[in-house]
>>> print(open('coords09.tsv').read())   # TSV, C-alpha atoms
chain	number	residue	atom	x	y	z
A	23	MET	CA	75.51	118.14	125.21
A	24	VAL	CA	78.34	119.53	123.10
A	25	ARG	CA	81.78	118.15	123.88
A	26	PRO	CA	84.29	120.81	124.90
A	27	VAL	CA	87.09	121.42	122.42
A	28	LEU	CA	90.45	123.10	122.71
A	29	PRO	CA	90.85	126.51	121.08
A	30	LEU	CA	92.50	126.34	117.64
A	31	CYS	CA	95.58	128.18	118.93
A	32	SER	CA	96.06	125.52	121.62
A	33	ILE	CA	95.76	122.72	119.09
A	34	LEU	CA	98.31	124.35	116.82
A	35	MET	CA	100.70	124.77	119.74
A	36	LEU	CA	100.36	121.10	120.67
A	37	VAL	CA	101.02	120.03	117.08
A	38	CYS	CA	104.02	122.31	116.86
A	39	ILE	CA	105.46	121.03	120.13
A	40	ALA	CA	104.81	117.39	119.25
A	41	ALA	CA	107.05	117.75	116.23
A	42	PHE	CA	110.03	118.25	118.52
A	43	VAL	CA	109.39	115.42	121.01
A	44	THR	CA	112.10	112.77	121.12
A	45	GLY	CA	112.34	109.31	122.60
A	46	ASP	CA	113.69	110.56	125.94
A	47	GLY	CA	110.39	112.29	126.68
A	48	LEU	CA	111.97	115.74	126.37
A	49	VAL	CA	111.43	118.31	123.67
A	50	HIS	CA	114.54	119.50	121.84
A	51	ALA	CA	115.13	122.56	119.73
A	52	SER	CA	115.09	122.27	115.96
A	53	PRO	CA	118.37	121.76	114.09
A	54	SER	CA	118.41	125.49	113.33
A	55	GLY	CA	118.41	126.22	117.06
A	56	HIS	CA	115.11	128.12	116.92
A	57	ALA	CA	112.31	127.17	119.30
A	58	PRO	CA	108.76	126.89	117.93
A	59	HIS	CA	106.34	129.67	118.84
A	60	GLY	CA	104.95	129.43	122.37
A	61	THR	CA	107.92	127.54	123.77
A	62	VAL	CA	111.06	128.17	125.80
A	63	THR	CA	114.48	126.63	125.16
A	64	ILE	CA	117.15	126.13	127.83
A	65	ASP	CA	120.39	124.25	127.11
A	66	GLY	CA	118.91	122.83	123.92
A	67	VAL	CA	115.75	121.55	125.61
A	68	THR	CA	112.51	123.10	124.38
A	69	VAL	CA	109.34	123.05	126.47
A	70	PRO	CA	105.90	124.69	126.28
A	71	ASP	CA	105.79	128.20	127.70
A	72	ILE	CA	103.69	128.94	130.78
A	73	GLY	CA	100.44	130.87	130.50
A	74	PRO	CA	96.89	131.27	131.77
A	75	LEU	CA	94.82	128.16	132.37
A	76	PRO	CA	92.42	127.32	129.49
A	77	SER	CA	88.81	128.29	130.11
A	78	VAL	CA	87.70	124.85	128.92
A	79	VAL	CA	88.33	121.92	131.29
A	80	PRO	CA	89.09	118.55	129.66
A	81	ILE	CA	86.11	116.24	130.25
A	82	PRO	CA	85.93	112.67	128.90
A	83	SER	CA	82.95	111.91	126.68
A	84	SER	CA	82.26	108.87	128.87
A	85	ASN	CA	81.69	111.02	131.96
A	86	LEU	CA	80.18	114.38	131.06
A	87	ASN	CA	79.71	116.85	133.91
A	88	TYR	CA	76.35	118.22	134.95
A	89	ALA	CA	75.06	119.72	138.19
A	90	ALA	CA	73.36	116.68	139.71
A	91	LYS	CA	76.39	114.45	139.13
A	92	ILE	CA	78.77	117.07	140.54
A	93	GLU	CA	76.64	117.47	143.65
A	94	LEU	CA	76.55	113.70	144.15
A	95	GLY	CA	80.33	113.57	143.73
A	96	LYS	CA	80.80	116.35	146.25
A	97	GLN	CA	78.76	114.42	148.81
A	98	LEU	CA	80.77	111.26	148.20
A	99	TYR	CA	84.04	113.24	148.41
A	100	PHE	CA	83.17	114.35	151.95
A	101	ASP	CA	81.53	111.11	153.10
A	102	GLY	CA	83.58	109.08	155.58
A	103	ARG	CA	81.36	106.09	154.93
A	104	LEU	CA	83.56	105.27	151.96
A	105	SER	CA	86.06	103.98	154.54
A	106	LYS	CA	86.02	100.95	156.81
A	107	ASN	CA	85.61	102.99	160.00
A	108	ASN	CA	83.18	105.47	158.41
A	109	ALA	CA	85.52	108.34	159.30
A	110	ILE	CA	88.09	108.76	156.51
A	111	SER	CA	86.77	110.65	153.49
A	112	CYS	CA	88.57	111.92	150.40
A	113	ALA	CA	88.55	115.34	152.04
A	114	PHE	CA	90.37	113.97	155.08
A	115	CYS	CA	93.60	113.91	153.05
A	116	HIS	CA	92.60	116.41	150.35
A	117	ASN	CA	91.22	119.17	152.53
A	118	PRO	CA	89.79	122.36	151.00
A	119	GLY	CA	91.25	124.27	153.95
A	120	THR	CA	94.78	123.22	153.01
A	121	GLY	CA	94.68	123.62	149.24
A	122	PHE	CA	92.79	120.34	148.70
A	123	ALA	CA	95.95	118.62	149.96
A	124	ASP	CA	97.21	117.52	153.39
A	125	SER	CA	99.17	119.72	155.77
A	126	ARG	CA	100.69	116.61	157.36
A	127	GLN	CA	103.97	115.31	156.01
A	128	THR	CA	102.30	112.06	155.01
A	129	SER	CA	98.65	111.19	155.41
A	130	ILE	CA	96.91	109.15	158.08
A	131	GLY	CA	94.38	106.45	157.27
A	132	VAL	CA	92.02	104.08	159.05
A	133	GLY	CA	93.31	102.99	162.45
A	134	GLY	CA	96.04	105.64	162.45
A	135	GLY	CA	98.01	103.97	159.66
A	136	ILE	CA	100.62	106.33	158.24
A	137	GLY	CA	101.03	106.55	154.49
A	138	GLY	CA	104.42	106.84	152.82
A	139	ARG	CA	103.61	109.78	150.55
A	140	GLN	CA	102.33	113.32	150.86
A	141	SER	CA	98.81	113.73	149.51
A	142	PRO	CA	98.95	115.76	146.28
A	143	THR	CA	96.47	118.54	145.68
A	144	VAL	CA	93.23	118.02	143.80
A	145	TYR	CA	93.63	121.46	142.23
A	146	ASN	CA	93.57	121.18	138.43
A	147	THR	CA	93.83	117.38	138.40
A	148	ALA	CA	91.40	117.61	135.49
A	149	PHE	CA	94.39	118.64	133.38
A	150	ASN	CA	96.53	115.61	134.38
A	151	HIS	CA	96.58	112.66	132.00
A	152	VAL	CA	97.68	110.32	134.82
A	153	GLN	CA	97.10	110.50	138.58
A	154	PHE	CA	99.03	109.80	141.80
A	155	TRP	CA	102.71	110.57	142.34
A	156	ASP	CA	103.66	107.49	140.33
A	157	GLY	CA	101.00	107.88	137.62
A	158	ARG	CA	99.46	104.48	138.27
A	159	ALA	CA	95.90	105.72	137.65
A	160	ARG	CA	95.05	106.60	134.06
A	161	SER	CA	92.08	108.80	134.90
A	162	LEU	CA	90.42	110.70	137.72
A	163	GLU	CA	87.71	108.05	137.73
A	164	GLU	CA	90.28	105.34	138.39
A	165	GLN	CA	92.05	107.48	140.99
A	166	ALA	CA	88.83	108.20	142.88
A	167	ILE	CA	88.18	104.57	143.79
A	168	GLY	CA	91.80	103.59	144.46
A	169	PRO	CA	92.06	104.81	148.08
A	170	ILE	CA	88.84	103.01	149.05
A	171	HIS	CA	90.49	99.57	149.05
A	172	ASN	CA	93.98	100.74	150.00
A	173	PRO	CA	94.68	99.11	153.41
A	174	VAL	CA	96.63	102.15	154.64
A	175	GLU	CA	94.02	104.68	153.51
A	176	MET	CA	90.30	103.83	153.66
A	177	ALA	CA	90.83	100.08	154.20
A	178	GLU	CA	87.42	99.20	152.80
A	179	THR	CA	86.51	96.80	150.00
A	180	HIS	CA	84.82	97.96	146.82
A	181	GLU	CA	82.10	95.34	147.21
A	182	HIS	CA	81.29	96.35	150.79
A	183	VAL	CA	81.29	100.09	150.16
A	184	VAL	CA	78.81	99.63	147.31
A	185	ALA	CA	76.57	97.54	149.57
A	186	LYS	CA	76.91	100.05	152.41
A	187	LEU	CA	76.04	103.12	150.34
A	188	GLY	CA	73.34	101.16	148.54
A	189	LYS	CA	71.38	100.98	151.80
A	190	ILE	CA	71.25	104.77	152.13
A	191	LYS	CA	67.98	106.13	150.74
A	192	GLY	CA	69.47	109.44	149.64
A	193	TYR	CA	72.17	107.74	147.58
A	194	GLN	CA	69.66	105.30	146.12
A	195	GLN	CA	67.58	108.19	144.83
A	196	GLN	CA	70.52	110.17	143.49
A	197	PHE	CA	72.14	107.25	141.66
A	198	ARG	CA	68.84	106.45	139.98
A	199	ALA	CA	68.42	110.09	138.95
A	200	VAL	CA	72.02	110.63	137.80
A	201	PHE	CA	72.96	107.26	136.34
A	202	GLY	CA	69.67	105.38	136.05
A	203	THR	CA	71.14	102.58	138.17
A	204	GLU	CA	71.48	101.41	141.72
A	205	VAL	CA	74.62	102.42	143.64
A	206	ASN	CA	77.67	100.95	141.92
A	207	LEU	CA	81.44	101.37	141.95
A	208	GLN	CA	81.69	102.93	138.49
A	209	GLY	CA	79.15	105.57	139.43
A	210	ILE	CA	81.01	106.35	142.66
A	211	GLY	CA	84.22	106.94	140.72
A	212	GLU	CA	82.54	108.96	137.97
A	213	ALA	CA	80.68	111.21	140.41
A	214	ILE	CA	83.76	111.96	142.53
A	215	ALA	CA	85.78	112.64	139.38
A	216	ALA	CA	83.07	114.99	138.11
A	217	TYR	CA	83.29	117.00	141.31
A	218	GLU	CA	87.08	117.01	141.30
A	219	ARG	CA	87.08	118.49	137.79
A	220	THR	CA	85.43	121.59	139.28
A	221	VAL	CA	88.28	122.12	141.78
A	222	LEU	CA	90.36	124.65	139.89
A	223	SER	CA	93.14	127.07	140.78
A	224	THR	CA	93.04	129.91	138.28
A	225	ASN	CA	92.81	133.68	137.90
A	226	SER	CA	96.01	134.18	139.89
A	227	ALA	CA	98.08	137.36	139.88
A	228	PHE	CA	100.24	135.67	137.23
A	229	ASP	CA	97.21	134.97	135.04
A	230	LYS	CA	96.10	138.58	135.27
A	231	TYR	CA	99.63	139.76	134.51
A	232	VAL	CA	100.05	137.72	131.33
A	233	LEU	CA	96.55	138.74	130.22
A	234	GLY	CA	97.58	142.37	130.26
A	235	ASP	CA	97.36	143.70	133.83
A	236	SER	CA	100.92	144.97	134.32
A	237	LYS	CA	100.20	145.83	137.97
A	238	ALA	CA	98.93	142.38	138.95
A	239	MET	CA	102.38	141.14	140.02
A	240	ASP	CA	104.84	143.20	142.05
A	241	GLU	CA	108.38	143.88	140.86
A	242	ALA	CA	109.87	140.97	142.82
A	243	ALA	CA	107.42	138.51	141.23
A	244	VAL	CA	108.13	139.90	137.76
A	245	ARG	CA	111.85	139.38	138.33
A	246	GLY	CA	111.07	135.92	139.68
A	247	LEU	CA	109.23	135.10	136.46
A	248	SER	CA	112.47	135.73	134.57
A	249	VAL	CA	114.38	133.50	136.99
A	250	PHE	CA	111.72	130.78	136.63
A	251	LYS	CA	112.05	130.76	132.84
A	252	GLY	CA	115.83	131.24	132.81
A	253	LYS	CA	118.55	130.71	135.40
A	254	GLY	CA	116.24	128.79	137.75
A	255	ARG	CA	115.38	126.26	134.98
A	256	CYS	CA	112.05	125.63	136.72
A	257	ILE	CA	110.16	125.76	133.43
A	258	LEU	CA	111.93	122.63	132.17
A	259	CYS	CA	109.55	120.56	134.33
A	260	HIS	CA	106.91	123.07	135.43
A	261	ASN	CA	105.68	124.17	132.03
A	262	GLY	CA	102.43	124.68	130.17
A	263	ALA	CA	99.31	126.34	131.49
A	264	ASN	CA	99.15	124.10	134.57
A	265	PHE	CA	102.86	124.42	135.41
A	266	THR	CA	103.58	120.71	135.03
A	267	ASP	CA	104.89	118.53	132.21
A	268	ASN	CA	103.00	115.56	133.72
A	269	GLN	CA	106.24	113.60	133.41
A	270	PHE	CA	108.34	111.79	136.01
A	271	HIS	CA	111.70	112.99	137.31
A	272	ASN	CA	114.15	111.94	140.01
A	273	LEU	CA	115.28	115.06	141.89
A	274	GLY	CA	117.25	113.22	144.53
A	275	VAL	CA	114.70	114.16	147.21
A	276	PRO	CA	115.75	112.77	150.60
A	277	GLN	CA	113.58	109.85	151.68
A	278	VAL	CA	111.75	110.70	154.89
A	279	GLY	CA	108.67	109.29	156.57
A	280	PRO	CA	107.80	105.63	157.19
A	281	MET	CA	109.18	104.25	153.93
A	282	LYS	CA	112.86	103.28	153.80
A	283	GLU	CA	112.83	103.46	149.99
A	284	ASP	CA	110.26	104.60	147.46
A	285	LEU	CA	110.99	103.70	143.84
A	286	GLY	CA	108.14	105.85	142.52
A	287	ARG	CA	107.34	105.49	138.84
A	288	PHE	CA	109.53	102.38	138.58
A	289	ASN	CA	106.86	100.41	140.44
A	290	VAL	CA	104.52	101.12	137.52
A	291	SER	CA	106.80	101.16	134.48
A	292	ARG	CA	109.54	98.75	135.67
A	293	ALA	CA	111.94	100.93	133.66
A	294	GLU	CA	115.34	101.41	135.29
A	295	LYS	CA	115.37	105.11	134.41
A	296	ASP	CA	112.20	105.61	136.45
A	297	LYS	CA	113.65	104.56	139.79
A	298	GLY	CA	112.90	107.26	142.32
A	299	ALA	CA	111.07	109.36	139.73
A	300	PHE	CA	107.84	111.11	140.65
A	301	LYS	CA	105.28	113.13	138.72
A	302	THR	CA	105.85	116.86	138.45
A	303	PRO	CA	103.19	118.58	140.58
A	304	THR	CA	101.36	121.70	139.50
A	305	LEU	CA	102.69	124.91	141.03
A	306	ARG	CA	99.34	126.64	140.97
A	307	SER	CA	98.31	127.70	144.49
A	308	ILE	CA	101.54	126.10	145.73
A	309	THR	CA	101.50	128.38	148.80
A	310	GLU	CA	98.44	126.50	150.08
A	311	THR	CA	99.77	122.97	149.77
A	312	ALA	CA	102.82	122.66	152.05
A	313	PRO	CA	104.72	120.47	152.80
A	314	TYR	CA	106.38	119.74	149.48
A	315	MET	CA	107.71	116.82	147.42
A	316	HIS	CA	106.34	113.28	147.27
A	317	ASP	CA	107.25	112.58	150.90
A	318	GLY	CA	106.69	116.05	152.34
A	319	ALA	CA	110.43	116.45	152.90
A	320	PHE	CA	110.38	120.25	152.79
A	321	LYS	CA	108.17	122.52	154.88
A	322	THR	CA	108.64	125.78	152.98
A	323	LEU	CA	109.11	127.04	149.44
A	324	GLU	CA	112.41	128.55	150.54
A	325	GLU	CA	113.65	125.06	151.47
A	326	VAL	CA	112.58	123.72	148.09
A	327	VAL	CA	114.32	126.53	146.21
A	328	GLU	CA	117.51	125.99	148.22
A	329	PHE	CA	117.46	122.26	147.49
A	330	LEU	CA	116.98	122.79	143.77
A	331	ASP	CA	119.62	125.52	143.70
A	332	GLN	CA	122.11	122.90	144.90
A	333	GLY	CA	121.18	120.69	141.96
A	334	GLY	CA	118.96	118.34	143.94
A	335	GLY	CA	120.21	115.40	145.98
A	336	ASN	CA	122.76	112.71	145.37
A	337	ASN	CA	121.08	109.87	143.50
A	338	PRO	CA	122.29	107.44	140.80
A	339	HIS	CA	119.09	108.03	138.83
A	340	LEU	CA	119.09	111.81	139.12
A	341	SER	CA	117.29	113.55	136.25
A	342	PRO	CA	119.64	114.95	133.58
A	343	LEU	CA	117.74	118.24	133.90
A	344	MET	CA	119.13	118.76	137.41
A	345	LYS	CA	122.25	120.88	137.85
A	346	PRO	CA	123.58	123.41	140.42
A	347	LEU	CA	122.10	126.83	139.70
A	348	ASN	CA	124.23	129.19	141.78
A	349	MET	CA	121.36	131.63	142.29
A	350	THR	CA	121.93	134.70	144.43
A	351	ALA	CA	119.91	135.33	147.58
A	352	ASP	CA	117.93	138.01	145.72
A	353	GLU	CA	117.14	135.63	142.84
A	354	LYS	CA	115.89	132.99	145.26
A	355	ALA	CA	113.69	135.55	147.02
A	356	ASP	CA	112.31	136.77	143.69
A	357	LEU	CA	111.59	133.21	142.61
A	358	VAL	CA	109.58	132.59	145.79
A	359	ALA	CA	107.72	135.86	145.19
A	360	PHE	CA	106.75	134.60	141.74
A	361	LEU	CA	105.58	131.26	143.13
A	362	LYS	CA	103.32	133.16	145.55
A	363	ALA	CA	101.85	135.00	142.56
A	364	LEU	CA	100.53	131.64	141.30
A	365	THR	CA	97.94	131.49	144.11
A	366	GLY	CA	94.54	131.24	142.47
A	367	GLU	CA	91.27	132.87	143.24
A	368	ARG	CA	89.71	131.45	146.40
A	369	ILE	CA	87.05	128.84	145.68
A	370	LYS	CA	83.66	129.59	147.18
A	371	PHE	CA	82.97	126.54	149.28
A	372	SER	CA	80.24	125.08	151.46
A	373	MET	CA	80.04	121.65	153.05
A	374	PRO	CA	77.47	119.35	151.44
A	375	GLN	CA	74.63	117.80	153.40
A	376	LEU	CA	75.25	114.05	153.39
A	377	PRO	CA	72.30	111.78	152.58
A	378	LYS	CA	70.83	109.46	155.18
>>> encode(input="coords09.tsv", output="structure tokens")
Amino acid sequence: MVRPVLPLCSILMLVCIAAFVTGDGLVHASPSGHAPHGTVTIDGVTVPDIGPLPSVVPIPSSNLNYAAKIELGKQLYFDGRLSKNNAISCAFCHNPGTGFADSRQTSIGVGGGIGGRQSPTVYNTAFNHVQFWDGRARSLEEQAIGPIHNPVEMAETHEHVVAKLGKIKGYQQQFRAVFGTEVNLQGIGEAIAAYERTVLSTNSAFDKYVLGDSKAMDEAAVRGLSVFKGKGRCILCHNGANFTDNQFHNLGVPQVGPMKEDLGRFNVSRAEKDKGAFKTPTLRSITETAPYMHDGAFKTLEEVVEFLDQGGGNNPHLSPLMKPLNMTADEKADLVAFLKALTGERIKFSMPQLPK
């Protein structure tokens, strides 16, 4: 099987952008003040421009996708037997009906345990180089098996879940066919990750618009695009084809839910600057994935826009990118209209038949 490669234009853009990256993790304009092609500069900070999602999905050479593996992963994704009580599946918190996310403020696990964070969407996670709000997982494969032994989520052990699934004839047969092995933890993670790489939000009104269909977005959304890339400063964090820099920022989001304090990325990096910083989520199909922020603090996009317009919340580690925006009511409405234009084409979906 041929490994997918990025188009030459994408590689050139990445090389061009990399030349401007500095130690603070931001990209700054060149000394001449000119931004490289395919980028946007605001207040001296240069970031990749937004655009349509690449047609090629990044797939690691160690876990190539093919139909049988994807189907196995889909079954595992919807199988509650990965949990201690045989009821909590991946889909329980990452539901296709709610944008492969969770409509609850924070998710519920085995025994009614309440998690401290809002479940992020699975949409386009194939394009993330780290996973979870704090980036503690370095791959989708690692992320896929994390919740299994989390006491607040699936509350199972890796050893027991392998033994449990290994007794199911259907899984025995599929693992032998797909991996040439008995049921094992690595295979569980690789299969789920393979399926998750097929969960894509693309072909939105925005995509059609930038590819030449001038009628794909209405006038409000077109104005909102200008706000997004200008006065609204949204593009400083939500940039690139997937509308995320995959970096970590403290926005001063109010802490709600069961946790009194959540230090976010700091728990992984132990860097003082990362206290209260969380990974920038994709904005693709954002209308489907309410509530918003790492703790589900905001129920609507209008609430999010209002919060960001104020410059975020009061926090000693607030990102230097945050500042009051003083947007007008019309600009806020146009910005929300643009965000709605990022809703992707609906995924054709059917529930898998679980093996017995």
>>> closest_atom_pairs(input="coords09.tsv", of="stretch 298-337 of chain A", to="stretch 262-280 of chain A", cutoff="7 Å", atoms="all atoms listed in the file", output="Markdown table")
| residue | atom | partner | partner_atom | distance |
| --- | --- | --- | --- | --- |
| A:Gly298 | CA | A:Asn272 | CA | 5.4 |
| A:Ala299 | CA | A:Asn272 | CA | 4.0 |
| A:Phe300 | CA | A:Phe270 | CA | 4.7 |
| A:Lys301 | CA | A:Phe270 | CA | 4.3 |
| A:Thr302 | CA | A:Thr266 | CA | 5.6 |
| A:Pro303 | CA | A:Thr266 | CA | 6.0 |
| A:Thr304 | CA | A:Thr266 | CA | 5.1 |
| A:Leu305 | CA | A:Phe265 | CA | 5.6 |
| A:Arg306 | CA | A:Asn264 | CA | 6.9 |
| A:Asp317 | CA | A:Val278 | CA | 6.3 |
| A:Ala319 | CA | A:Val278 | CA | 6.2 |
| A:Gly334 | CA | A:Leu273 | CA | 5.3 |
| A:Gly335 | CA | A:Gly274 | CA | 4.0 |
| A:Asn336 | CA | A:Gly274 | CA | 5.6 |
| A:Asn337 | CA | A:Gly274 | CA | 5.2 |
>>> closest_residue(input="coords09.tsv", among="A:Ala148, A:Ala227, A:Leu323, A:Ile257", to="A:Ser161", atoms="all atoms listed in the file")
A:Ala148
>>> closest_residue(input="coords09.tsv", among="A:Ala242, A:Val326, A:Ala351, A:Ala359", to="A:Tyr314", atoms="only C-alpha atoms")
A:Val326
>>> closest_residue(input="coords09.tsv", among="A:Arg126, A:Lys354, A:His316, A:Lys295", to="A:Pro342", atoms="all atoms listed in the file")
A:Lys295
>>> closest_residue(input="coords09.tsv", among="A:Val174, A:Leu75, A:Asn225, A:His180", to="A:Arg368", atoms="all atoms listed in the file")
A:Asn225
>>> atom_distance(input="coords09.tsv", atom1="atom CA of A:Thr220", atom2="atom CA of A:Glu164")
17.0 Å
>>> atom_distance(input="coords09.tsv", atom1="atom CA of A:Asp124", atom2="atom CA of A:Leu364")
18.9 Å
>>> build_atoms(input="coords09.tsv", residues="stretch 128-154 of chain A", atoms="N, CA and C atoms", output="mmCIF file, keeping the file's coordinate frame")
data_model
loop_
_atom_site.group_PDB
_atom_site.id
_atom_site.type_symbol
_atom_site.label_atom_id
_atom_site.label_comp_id
_atom_site.auth_asym_id
_atom_site.auth_seq_id
_atom_site.Cartn_x
_atom_site.Cartn_y
_atom_site.Cartn_z
ATOM 1 N N THR A 128 102.957 113.140 155.740
ATOM 2 C CA THR A 128 102.300 112.060 155.010
ATOM 3 C C THR A 128 100.961 111.806 155.680
ATOM 4 N N SER A 129 100.033 111.260 154.940
ATOM 5 C CA SER A 129 98.650 111.190 155.410
ATOM 6 C C SER A 129 98.401 110.021 156.357
ATOM 7 N N ILE A 130 97.329 110.160 157.115
ATOM 8 C CA ILE A 130 96.910 109.150 158.080
ATOM 9 C C ILE A 130 95.628 108.492 157.591
ATOM 10 N N GLY A 131 95.554 107.172 157.705
ATOM 11 C CA GLY A 131 94.380 106.450 157.270
ATOM 12 C C GLY A 131 93.634 105.784 158.407
ATOM 13 N N VAL A 132 92.816 104.809 158.066
ATOM 14 C CA VAL A 132 92.020 104.080 159.050
ATOM 15 C C VAL A 132 92.927 103.448 160.103
ATOM 16 N N GLY A 133 92.547 103.586 161.363
ATOM 17 C CA GLY A 133 93.310 102.990 162.450
ATOM 18 C C GLY A 133 94.633 103.692 162.733
ATOM 19 N N GLY A 134 94.801 104.895 162.203
ATOM 20 C CA GLY A 134 96.040 105.640 162.450
ATOM 21 C C GLY A 134 97.197 105.211 161.581
ATOM 22 N N GLY A 135 96.939 104.386 160.564
ATOM 23 C CA GLY A 135 98.010 103.970 159.660
ATOM 24 C C GLY A 135 98.615 105.172 158.940
ATOM 25 N N ILE A 136 99.925 105.195 158.836
ATOM 26 C CA ILE A 136 100.620 106.330 158.240
ATOM 27 C C ILE A 136 101.079 105.978 156.826
ATOM 28 N N GLY A 137 100.644 106.771 155.871
ATOM 29 C CA GLY A 137 101.030 106.550 154.490
ATOM 30 C C GLY A 137 102.467 106.989 154.237
ATOM 31 N N GLY A 138 103.025 106.526 153.129
ATOM 32 C CA GLY A 138 104.420 106.840 152.820
ATOM 33 C C GLY A 138 104.604 108.072 151.965
ATOM 34 N N ARG A 139 103.495 108.631 151.437
ATOM 35 C CA ARG A 139 103.610 109.780 150.550
ATOM 36 C C ARG A 139 102.728 110.929 151.006
ATOM 37 N N GLN A 140 103.104 112.124 150.587
ATOM 38 C CA GLN A 140 102.330 113.320 150.860
ATOM 39 C C GLN A 140 101.157 113.373 149.888
ATOM 40 N N SER A 141 99.987 113.703 150.381
ATOM 41 C CA SER A 141 98.810 113.730 149.510
ATOM 42 C C SER A 141 98.881 114.902 148.544
ATOM 43 N N PRO A 142 98.897 114.649 147.248
ATOM 44 C CA PRO A 142 98.950 115.760 146.280
ATOM 45 C C PRO A 142 97.628 116.504 146.228
ATOM 46 N N THR A 143 97.681 117.735 145.757
ATOM 47 C CA THR A 143 96.470 118.540 145.680
ATOM 48 C C THR A 143 95.517 118.033 144.598
ATOM 49 N N VAL A 144 94.241 118.315 144.808
ATOM 50 C CA VAL A 144 93.230 118.020 143.800
ATOM 51 C C VAL A 144 93.121 119.175 142.799
ATOM 52 N N TYR A 145 93.677 120.331 143.153
ATOM 53 C CA TYR A 145 93.630 121.460 142.230
ATOM 54 C C TYR A 145 94.081 121.059 140.821
ATOM 55 N N ASN A 146 93.233 121.319 139.852
ATOM 56 C CA ASN A 146 93.570 121.180 138.430
ATOM 57 C C ASN A 146 93.955 119.758 138.020
ATOM 58 N N THR A 147 93.556 118.762 138.808
ATOM 59 C CA THR A 147 93.830 117.380 138.400
ATOM 60 C C THR A 147 93.095 117.027 137.105
ATOM 61 N N ALA A 148 92.102 117.822 136.751
ATOM 62 C CA ALA A 148 91.400 117.610 135.490
ATOM 63 C C ALA A 148 92.339 117.718 134.300
ATOM 64 N N PHE A 149 93.451 118.429 134.477
ATOM 65 C CA PHE A 149 94.390 118.640 133.380
ATOM 66 C C PHE A 149 95.518 117.598 133.375
ATOM 67 N N ASN A 150 95.505 116.662 134.332
ATOM 68 C CA ASN A 150 96.530 115.610 134.380
ATOM 69 C C ASN A 150 96.082 114.401 133.580
ATOM 70 N N HIS A 151 96.977 113.853 132.762
ATOM 71 C CA HIS A 151 96.580 112.660 132.000
ATOM 72 C C HIS A 151 96.821 111.380 132.771
ATOM 73 N N VAL A 152 97.558 111.443 133.879
ATOM 74 C CA VAL A 152 97.680 110.320 134.820
ATOM 75 C C VAL A 152 97.616 110.899 136.231
ATOM 76 N N GLN A 153 97.294 110.040 137.209
ATOM 77 C CA GLN A 153 97.100 110.500 138.580
ATOM 78 C C GLN A 153 98.001 109.742 139.553
ATOM 79 N N PHE A 154 98.142 110.277 140.739
ATOM 80 C CA PHE A 154 99.030 109.800 141.800
ATOM 81 C C PHE A 154 100.472 110.208 141.478
#
